file run.csv (CSV, C-alpha atoms)
chain,number,residue,atom,x,y,z
A,1,ASN,CA,18.5,109.1,72.6
A,2,ALA,CA,22.2,109.8,72.4
A,3,GLY,CA,24.3,107.8,70.1
A,4,VAL,CA,27.8,106.5,70.8
A,5,MET,CA,30.0,109.2,72.3
A,6,GLN,CA,33.7,109.5,72.1
A,7,ASN,CA,36.1,112.0,73.6
A,8,PRO,CA,38.2,113.8,72.9
A,9,ARG,CA,37.5,114.2,69.2
A,10,HIS,CA,41.1,115.3,68.6
A,11,LEU,CA,44.1,114.5,70.7
A,12,VAL,CA,47.7,115.6,70.2
A,13,ARG,CA,50.5,113.9,72.1
A,14,ARG,CA,54.3,113.9,71.9
A,15,ARG,CA,56.2,110.8,71.5
A,16,GLY,CA,56.5,108.9,74.8
A,17,GLN,CA,53.3,110.3,76.3
A,18,GLU,CA,50.2,108.4,77.1
A,19,ALA,CA,46.9,108.7,75.2
A,20,ARG,CA,43.5,107.9,76.8
A,21,LEU,CA,40.5,107.6,74.5
A,22,ARG,CA,37.0,107.3,76.0
A,23,CYS,CA,33.9,105.8,74.6
A,24,SER,CA,30.4,105.9,76.0
A,25,PRO,CA,28.2,103.3,74.3
A,26,MET,CA,24.5,103.8,73.4
A,27,LYS,CA,22.1,103.4,76.2
A,28,GLY,CA,21.3,99.8,76.8
A,29,HIS,CA,24.4,98.6,74.9
A,30,SER,CA,26.8,96.4,76.7
A,31,HIS,CA,29.2,95.5,73.9
A,32,VAL,CA,32.0,97.8,72.9
A,33,TYR,CA,34.4,97.4,69.9
A,34,TRP,CA,37.4,99.5,69.2
A,35,TYR,CA,38.8,100.0,65.6
A,36,ARG,CA,41.7,101.9,64.1
A,37,GLN,CA,41.6,103.6,60.8
A,38,LEU,CA,44.6,105.0,58.9
A,39,PRO,CA,44.0,107.7,56.3
A,40,GLU,CA,42.6,106.3,53.0
A,41,GLU,CA,42.1,102.8,54.6
A,42,GLY,CA,39.3,100.7,56.1
A,43,LEU,CA,38.7,99.8,59.7
A,44,LYS,CA,41.0,97.4,61.5
A,45,PHE,CA,39.5,95.6,64.5
A,46,MET,CA,41.4,96.0,67.8
A,47,VAL,CA,39.4,94.7,70.7
A,48,TYR,CA,35.9,93.7,71.8
A,49,LEU,CA,34.7,94.1,75.3
A,50,GLN,CA,31.7,93.5,77.4
A,51,LYS,CA,31.2,95.0,80.8
A,52,GLU,CA,34.3,94.2,82.9
A,53,ASN,CA,35.5,91.6,80.4
A,54,ILE,CA,37.7,91.5,77.4
A,55,ILE,CA,36.1,89.1,74.9
A,56,ASP,CA,38.5,89.3,72.0
A,57,GLU,CA,41.7,91.3,71.8
A,58,SER,CA,43.2,89.6,68.8
A,59,GLY,CA,43.6,92.9,66.9
A,60,MET,CA,45.4,94.8,69.7
A,61,PRO,CA,49.2,95.2,69.7
A,62,LYS,CA,50.7,93.2,72.5
A,63,GLU,CA,52.6,96.1,73.9
A,64,ARG,CA,51.6,99.6,75.0
A,65,PHE,CA,47.9,99.1,74.2
A,66,SER,CA,45.2,98.2,76.7
A,67,ALA,CA,41.5,98.5,76.9
A,68,GLU,CA,38.9,98.3,79.6
A,69,PHE,CA,35.1,98.6,80.0
A,70,PRO,CA,34.4,99.0,83.7
A,71,LYS,CA,31.1,98.3,85.4
A,72,GLU,CA,30.5,102.0,85.7
A,73,GLY,CA,31.7,104.6,83.3
A,74,PRO,CA,33.0,104.6,79.7
A,75,SER,CA,35.3,102.2,77.9
A,76,ILE,CA,38.9,103.4,77.8
A,77,LEU,CA,41.5,102.6,75.2
A,78,ARG,CA,44.9,103.4,76.6
A,79,ILE,CA,48.1,103.8,74.5
A,80,GLN,CA,51.3,104.1,76.5
A,81,GLN,CA,54.5,105.7,75.3
A,82,VAL,CA,52.9,106.7,72.0
A,83,VAL,CA,54.9,106.7,68.8
A,84,ARG,CA,54.3,108.5,65.5
A,85,GLY,CA,52.9,105.3,64.0
A,86,ASP,CA,50.0,105.4,66.5
A,87,SER,CA,48.6,108.5,64.7
A,88,ALA,CA,45.3,107.4,63.4
A,89,ALA,CA,41.5,107.7,63.9
A,90,TYR,CA,40.2,105.4,66.6
A,91,PHE,CA,36.6,104.5,66.4
A,92,CYS,CA,34.4,102.9,69.0
A,93,ALA,CA,31.2,101.0,68.2
A,94,SER,CA,28.6,99.6,70.5
A,95,SER,CA,25.9,96.9,70.1
A,96,PRO,CA,23.1,95.6,72.3
A,97,PRO,CA,23.3,92.5,74.4
A,98,THR,CA,23.1,89.3,72.4
A,99,SER,CA,19.6,88.2,72.6
A,100,GLY,CA,19.6,85.2,70.3
A,101,LEU,CA,18.2,87.3,67.4
A,102,ILE,CA,19.9,86.9,64.1
A,103,THR,CA,20.4,90.6,63.6
A,104,ASP,CA,23.0,92.4,65.6
A,105,THR,CA,24.4,95.7,64.5
A,106,GLN,CA,27.2,98.0,65.6
A,107,TYR,CA,26.7,101.7,65.9
A,108,PHE,CA,29.8,103.9,65.6
A,109,GLY,CA,30.9,107.0,67.5
A,110,PRO,CA,32.5,110.0,65.7
A,111,GLY,CA,36.0,108.8,66.5
A,112,THR,CA,39.1,110.3,68.1
A,113,ARG,CA,41.8,111.5,65.9
A,114,LEU,CA,45.2,111.0,67.5
A,115,THR,CA,48.2,112.9,66.3
A,116,VAL,CA,51.6,112.0,67.7
A,117,LEU,CA,54.2,114.7,67.2
B,118,THR,CA,41.5,84.3,58.2
B,119,GLN,CA,38.2,85.8,57.1
B,120,LEU,CA,38.4,88.5,54.4
B,121,LEU,CA,35.9,90.8,52.9
B,122,GLU,CA,36.9,92.3,49.6
B,123,GLN,CA,35.2,95.2,48.1
B,124,SER,CA,35.3,96.4,44.5
B,125,PRO,CA,36.0,98.8,43.1
B,126,GLN,CA,38.3,100.5,45.5
B,127,PHE,CA,37.8,103.9,43.9
B,128,LEU,CA,35.0,105.1,41.8
B,129,SER,CA,34.5,108.6,40.3
B,130,ILE,CA,31.3,109.2,38.3
B,131,GLN,CA,29.1,111.9,37.0
B,132,GLU,CA,25.9,113.0,38.7
B,133,GLY,CA,23.0,111.0,37.4
B,134,GLU,CA,25.0,107.8,36.6
B,135,ASN,CA,24.3,104.4,38.2
B,136,LEU,CA,26.9,102.3,40.0
B,137,THR,CA,27.3,99.0,41.9
B,138,VAL,CA,29.7,98.2,44.7
B,139,TYR,CA,30.5,94.6,45.5
B,140,CYS,CA,31.5,92.9,48.8
B,141,ASN,CA,32.8,89.4,48.5
B,142,SER,CA,34.0,86.7,50.9
B,143,SER,CA,34.5,83.0,51.0
B,144,SER,CA,33.0,83.0,54.5
B,145,VAL,CA,29.3,82.7,55.4
B,146,PHE,CA,28.0,85.6,57.5
B,147,SER,CA,24.9,85.6,59.8
B,148,SER,CA,24.3,89.2,58.7
B,149,LEU,CA,25.9,91.9,56.7
B,150,GLN,CA,25.9,95.7,57.2
B,151,TRP,CA,26.6,98.5,54.9
B,152,TYR,CA,28.0,101.8,56.2
B,153,ARG,CA,28.8,105.2,54.7
B,154,GLN,CA,31.6,107.3,56.2
B,155,GLU,CA,32.3,110.9,55.4
B,156,PRO,CA,35.6,112.6,56.1
B,157,GLY,CA,36.2,113.3,59.7
B,158,GLU,CA,33.2,111.3,60.9
B,159,GLY,CA,32.4,107.8,62.0
B,160,PRO,CA,30.7,105.2,59.8
B,161,VAL,CA,26.9,105.6,59.6
B,162,LEU,CA,24.8,102.5,59.3
B,163,LEU,CA,22.8,102.3,56.1
B,164,VAL,CA,21.3,98.8,56.2
B,165,THR,CA,21.6,95.3,57.7
B,166,VAL,CA,20.7,92.3,55.6
B,167,VAL,CA,20.1,89.0,57.2
B,168,THR,CA,18.5,86.4,54.9
B,169,GLY,CA,20.2,84.9,51.9
B,170,GLY,CA,18.8,86.6,48.7
B,171,GLU,CA,17.3,89.5,50.7
B,172,VAL,CA,16.9,92.8,48.9
B,173,LYS,CA,16.4,96.1,50.7
B,174,LYS,CA,15.8,99.5,49.3
B,175,LEU,CA,16.7,102.8,50.8
B,176,LYS,CA,15.5,105.6,48.5
B,177,ARG,CA,18.0,105.3,45.5
B,178,LEU,CA,20.1,102.7,47.2
B,179,THR,CA,19.4,98.9,46.7
B,180,PHE,CA,21.2,96.3,48.8
B,181,GLN,CA,21.3,92.6,48.1
B,182,PHE,CA,22.6,89.8,50.2
B,183,GLY,CA,23.8,86.8,48.2
B,184,ASP,CA,21.9,83.5,48.4
B,185,ALA,CA,24.7,81.8,50.2
B,186,ARG,CA,25.2,84.8,52.6
B,187,LYS,CA,28.9,85.2,51.4
B,188,ASP,CA,28.5,88.3,49.3
B,189,SER,CA,26.5,91.5,48.9
B,190,SER,CA,26.0,94.4,46.5
B,191,LEU,CA,25.1,98.0,46.8
B,192,HIS,CA,23.5,99.6,43.8
B,193,ILE,CA,23.0,103.4,43.6
B,194,THR,CA,20.6,104.8,41.0
B,195,ALA,CA,21.1,108.3,39.7
B,196,ALA,CA,24.0,109.2,41.9
B,197,GLN,CA,24.2,112.6,43.5
B,198,PRO,CA,27.1,114.6,44.9
B,199,GLY,CA,25.7,113.9,48.4
B,200,ASP,CA,26.4,110.2,47.9
B,201,THR,CA,30.1,110.9,47.9
B,202,GLY,CA,31.9,109.0,50.7
B,203,LEU,CA,33.6,105.8,51.8
B,204,TYR,CA,31.3,102.8,51.6
B,205,LEU,CA,32.1,99.9,53.9
B,206,CYS,CA,30.6,96.5,54.2
B,207,ALA,CA,30.9,94.5,57.4
B,208,GLY,CA,30.0,90.8,57.9
B,209,ALA,CA,29.0,89.4,61.2
B,210,THR,CA,29.6,85.9,62.5
B,211,PHE,CA,28.2,84.5,65.6
B,212,THR,CA,30.6,82.2,67.4
B,213,SER,CA,30.6,80.9,71.0
B,214,GLY,CA,27.8,83.3,72.0
B,215,THR,CA,29.4,86.4,70.7
B,216,TYR,CA,29.4,88.4,67.4
B,217,LYS,CA,32.5,89.2,65.5
B,218,TYR,CA,32.6,91.7,62.7
B,219,ILE,CA,34.9,91.7,59.7
B,220,PHE,CA,35.1,95.0,57.7
B,221,GLY,CA,35.6,95.2,54.0
B,222,THR,CA,38.4,97.2,52.4
B,223,GLY,CA,36.1,100.0,51.5
B,224,THR,CA,35.0,101.7,48.3
B,225,ARG,CA,35.7,105.4,47.9
B,226,LEU,CA,33.0,107.0,45.8
B,227,LYS,CA,33.1,110.5,44.3
B,228,VAL,CA,30.1,111.9,42.5
B,229,LEU,CA,30.9,114.9,40.3
B,230,ALA,CA,28.3,117.6,39.8

call {"tool": "encode", "arguments": {"input": "run.csv", "output": "structure tokens"}}
result
Amino acid sequence: NAGVMQNPRHLVRRRGQEARLRCSPMKGHSHVYWYRQLPEEGLKFMVYLQKENIIDESGMPKERFSAEFPKEGPSILRIQQVVRGDSAAYFCASSPPTSGLITDTQYFGPGTRLTVL
Amino acid sequence: TQLLEQSPQFLSIQEGENLTVYCNSSSVFSSLQWYRQEPGEGPVLLVTVVTGGEVKKLKRLTFQFGDARKDSSLHITAAQPGDTGLYLCAGATFTSGTYKYIFGTGTRLKVLA
């Protein structure tokens, strides 16, 4: 029973290039969340998606960042024209469909560490 | 804006000591999760608490959810070097059919042998 998978684990890009981060949720999970973490800091929410829909993108920068979760395949966080300030660890988490139960928990992937040179 | 504040931010203790980490908010949560994160890895879920006043134990770790579901604590008894890591709390709110999670600022624990 595989957990949340992210790839690549490490990504190096030069300024101006594009970065694509992939996240495959746990089996049966239809909700995906993306977070950013800077060194020595906590997690900052970026975007929440369900299959083919963006539910909440209030934490996502308005420019250069986009996310999708297609009907088939992994969720993708795309950063265009990367800058040094984009260097961070990006984590994906997934949770099961909302079933009306009180408990609902996110499970995290191992993260993608993006370094922009 | 919902905020979850954790205290202390940093904690360095000797092996065998006890410690408590606090997670406080002015918001009410439907549930609260505690995670531990080690360097280079993603957060790993430790526990979910749901009911106000609920206490859960996981070996030497005791988690409590406040009666009003606004705060939580994590108590570690006889800390060991393997407990070293970043501890994060996350509160969940259920609005308009979806869950939203707010993460705390984190407590970085170091247990010295």

call {"tool": "residues_around", "arguments": {"input": "run.csv", "residues": "region 43-49 of chain A", "least_positions_apart": "3", "cutoff": "6 Å", "atoms": "all atoms listed in the file", "output": "list in words"}}
result
His31, Val32, Tyr33, Trp34, Tyr35, Arg36, Gln37, Asn53, Ile54, Ile55, Asp56, Glu57, Gly59 and Met60 of chain A

call {"tool": "write_last_selection", "arguments": {"input": "run.csv", "atoms": "C-alpha atoms", "output": "PDB file, in the coordinates of the input"}}
result
ATOM      1  CA  HIS A  31      29.200  95.500  73.900  1.00  0.00           C
ATOM      2  CA  VAL A  32      32.000  97.800  72.900  1.00  0.00           C
ATOM      3  CA  TYR A  33      34.400  97.400  69.900  1.00  0.00           C
ATOM      4  CA  TRP A  34      37.400  99.500  69.200  1.00  0.00           C
ATOM      5  CA  TYR A  35      38.800 100.000  65.600  1.00  0.00           C
ATOM      6  CA  ARG A  36      41.700 101.900  64.100  1.00  0.00           C
ATOM      7  CA  GLN A  37      41.600 103.600  60.800  1.00  0.00           C
ATOM      8  CA  ASN A  53      35.500  91.600  80.400  1.00  0.00           C
ATOM      9  CA  ILE A  54      37.700  91.500  77.400  1.00  0.00           C
ATOM     10  CA  ILE A  55      36.100  89.100  74.900  1.00  0.00           C
ATOM     11  CA  ASP A  56      38.500  89.300  72.000  1.00  0.00           C
ATOM     12  CA  GLU A  57      41.700  91.300  71.800  1.00  0.00           C
ATOM     13  CA  GLY A  59      43.600  92.900  66.900  1.00  0.00           C
ATOM     14  CA  MET A  60      45.400  94.800  69.700  1.00  0.00           C
TER      15      MET A  60
END

call {"tool": "closest_residue", "arguments": {"input": "run.csv", "among": "B:Phe146, B:Phe180, B:Phe127, B:Trp151", "to": "Gly221 (chain B)", "atoms": "only C-alpha atoms"}}
result
B:Trp151

call {"tool": "interface_residues", "arguments": {"input": "run.csv", "of": "chain B", "to": "chain A", "cutoff": "12 Å", "atoms": "only C-alpha atoms", "output": "JSON, numbers by chain"}}
result
{"B": [118, 120, 121, 122, 123, 126, 127, 146, 147, 148, 149, 150, 151, 152, 153, 154, 155, 156, 157, 158, 159, 160, 161, 162, 163, 164, 165, 166, 167, 168, 202, 203, 204, 205, 206, 207, 208, 209, 210, 211, 212, 213, 214, 215, 216, 217, 218, 219, 220, 221, 222, 223, 224, 225]}

call {"tool": "residues_around", "arguments": {"input": "run.csv", "residues": "Arg14 (chain A)", "least_positions_apart": "4", "cutoff": "10 Å", "atoms": "only C-alpha atoms", "output": "count of residues only"}}
result
9

call {"tool": "residues_around", "arguments": {"input": "run.csv", "residues": "Leu191 (chain B)", "least_positions_apart": "6", "cutoff": "6 Å", "atoms": "all atoms listed in the file", "output": "PyMOL selection string"}}
result
chain B and resi 137-138+179-180

call {"tool": "closest_residue", "arguments": {"input": "run.csv", "among": "A:Gly85, A:Glu72, A:Lys51, A:Val4", "to": "Gly16 (chain A)", "atoms": "all atoms listed in the file"}}
result
A:Gly85
